[in-house]
Amino acid sequence: MEQKCDFESSRGGVEPSDRYYLWDPIDRPGWILPLWDVSVPFKHVALSSSPKDHKSICTVMVLTGIQRPAFAFCHLRGGKYAWFKQDSTLVEPHSSNHQLMQFTNAIAFDGKFYALSLQGTLAVMAKIDSHFTITSLGTNRAVPSVHAMHFKEYLIESNGEILLVFLVSRKFYS
């Protein structure tokens, strides 16, 4: 099940590197993440499990919204508190000008990360040889092909299924 945590910055992006904290809005514990390079956007975060679960290592994945680096991963617990950055090397299948994939939203479920690209492609990532690798891509476009300011899409898990939810602006219906 996806863990719902918010993150906040300690310095508001003013310094060359910044410290982010994850916190659980229900139980209120917090976790300090490794220093983040503020020249790299921090768009979305997904957790593989709860950091409170002492039985396993929690992996934090950050989507940057850019191609280089497209992702950053760190492990909470396990001794190595550093970001491992990875570029996007796959061409977006729904792009007319052969752009590399950029990701906007992600969720962790059943030991894998699922990320939605800017063009609406769903990518599945799994840990292979200590690196996260995109193991498969969805064949259908999950979001419209044109930029829409009237909705925002989110991946969520419910009852063992991954759902794509669209939040539609009230202005759309006015």
# chains A, B, ... in the order shown; residues from 1 in each chain; ligands from 1
$ closest_atom_pairs --of "segment 71-168 of chain A" --to "segment 43-63 of chain A" --cutoff "8 Å" --atoms "only C-alpha atoms" --output "CSV"
residue,atom,partner,partner_atom,distance
A:Phe71,CA,A:Leu63,CA,4.9
A:Ala72,CA,A:Val62,CA,5.1
A:Phe73,CA,A:Met61,CA,4.6
A:Cys74,CA,A:Val60,CA,5.3
A:His75,CA,A:Thr59,CA,4.4
A:Leu76,CA,A:Cys58,CA,5.2
A:Arg77,CA,A:Ile57,CA,5.5
A:Gly78,CA,A:Ile57,CA,6.5
A:Phe103,CA,A:Leu63,CA,6.3
A:Thr104,CA,A:Leu63,CA,6.7
A:Asn105,CA,A:His44,CA,6.3
A:Ala106,CA,A:Ala46,CA,6.2
A:Ile107,CA,A:Ala46,CA,5.5
A:Ala108,CA,A:Ser48,CA,5.0
A:Phe109,CA,A:Ser48,CA,7.0
A:Gly111,CA,A:Ser48,CA,6.7
A:Lys112,CA,A:Ser48,CA,7.5
A:Phe113,CA,A:Ser48,CA,7.4
$ write_last_selection --atoms "C-alpha atoms" --output "PDB file, in the first residue's frame"
ATOM      1  CA  PHE A  71      14.686   9.733 -10.931  1.00  0.00           C
ATOM      2  CA  ALA A  72      16.552   9.713  -7.670  1.00  0.00           C
ATOM      3  CA  PHE A  73      16.431   6.903  -5.134  1.00  0.00           C
ATOM      4  CA  CYS A  74      17.601   6.589  -1.546  1.00  0.00           C
ATOM      5  CA  HIS A  75      17.150   3.913   1.082  1.00  0.00           C
ATOM      6  CA  LEU A  76      15.986   4.758   4.581  1.00  0.00           C
ATOM      7  CA  ARG A  77      17.647   2.296   6.940  1.00  0.00           C
ATOM      8  CA  GLY A  78      20.496   0.211   5.732  1.00  0.00           C
ATOM      9  CA  PHE A 103       7.660  11.472 -15.332  1.00  0.00           C
ATOM     10  CA  THR A 104       5.053  13.384 -13.358  1.00  0.00           C
ATOM     11  CA  ASN A 105       3.456  10.967 -10.891  1.00  0.00           C
ATOM     12  CA  ALA A 106       4.374   7.675  -9.245  1.00  0.00           C
ATOM     13  CA  ILE A 107       3.255   5.099  -6.725  1.00  0.00           C
ATOM     14  CA  ALA A 108       4.914   2.124  -5.076  1.00  0.00           C
ATOM     15  CA  PHE A 109       2.979  -1.117  -4.970  1.00  0.00           C
ATOM     16  CA  GLY A 111       7.638  -4.177  -4.506  1.00  0.00           C
ATOM     17  CA  LYS A 112       7.658  -2.104  -7.702  1.00  0.00           C
ATOM     18  CA  PHE A 113       7.310   1.548  -8.645  1.00  0.00           C
TER      19      PHE A 113
END
$ residues_around --residues "segment 87-89 of chain A" --least-positions-apart "5" --cutoff "7 Å" --atoms "only C-alpha atoms" --output "number ranges by chain"
A: 67-71, 100-101
$ atom_distance --atom1 "atom CA of Asp18 of chain A" --atom2 "atom CA of Ile66 of chain A"
18.6 Å
$ closest_residue --among "A:Val40, A:Leu22, A:Thr139, A:Leu116" --to "Leu155 of chain A" --atoms "only C-alpha atoms"
A:Leu116
$ closest_residue --among "A:Pro34, A:His150, A:Thr64, A:Ser17" --to "Ser169 of chain A" --atoms "only C-alpha atoms"
A:His150
$ select_by_dssp --residues "chain A" --states "strand (DSSP E or B)" --output "ChimeraX atom specification"
/A:6-9,17-18,20-23,30-32,36-37,44-47,58-63,71-76,84-86,91,100,103-109,112-117,122-128,131-137,151-158,161-168
$ closest_residue --among "A:Val38, A:Val168, A:Ala126, A:Ile32" --to "Ala82 of chain A" --atoms "only C-alpha atoms"
A:Ile32
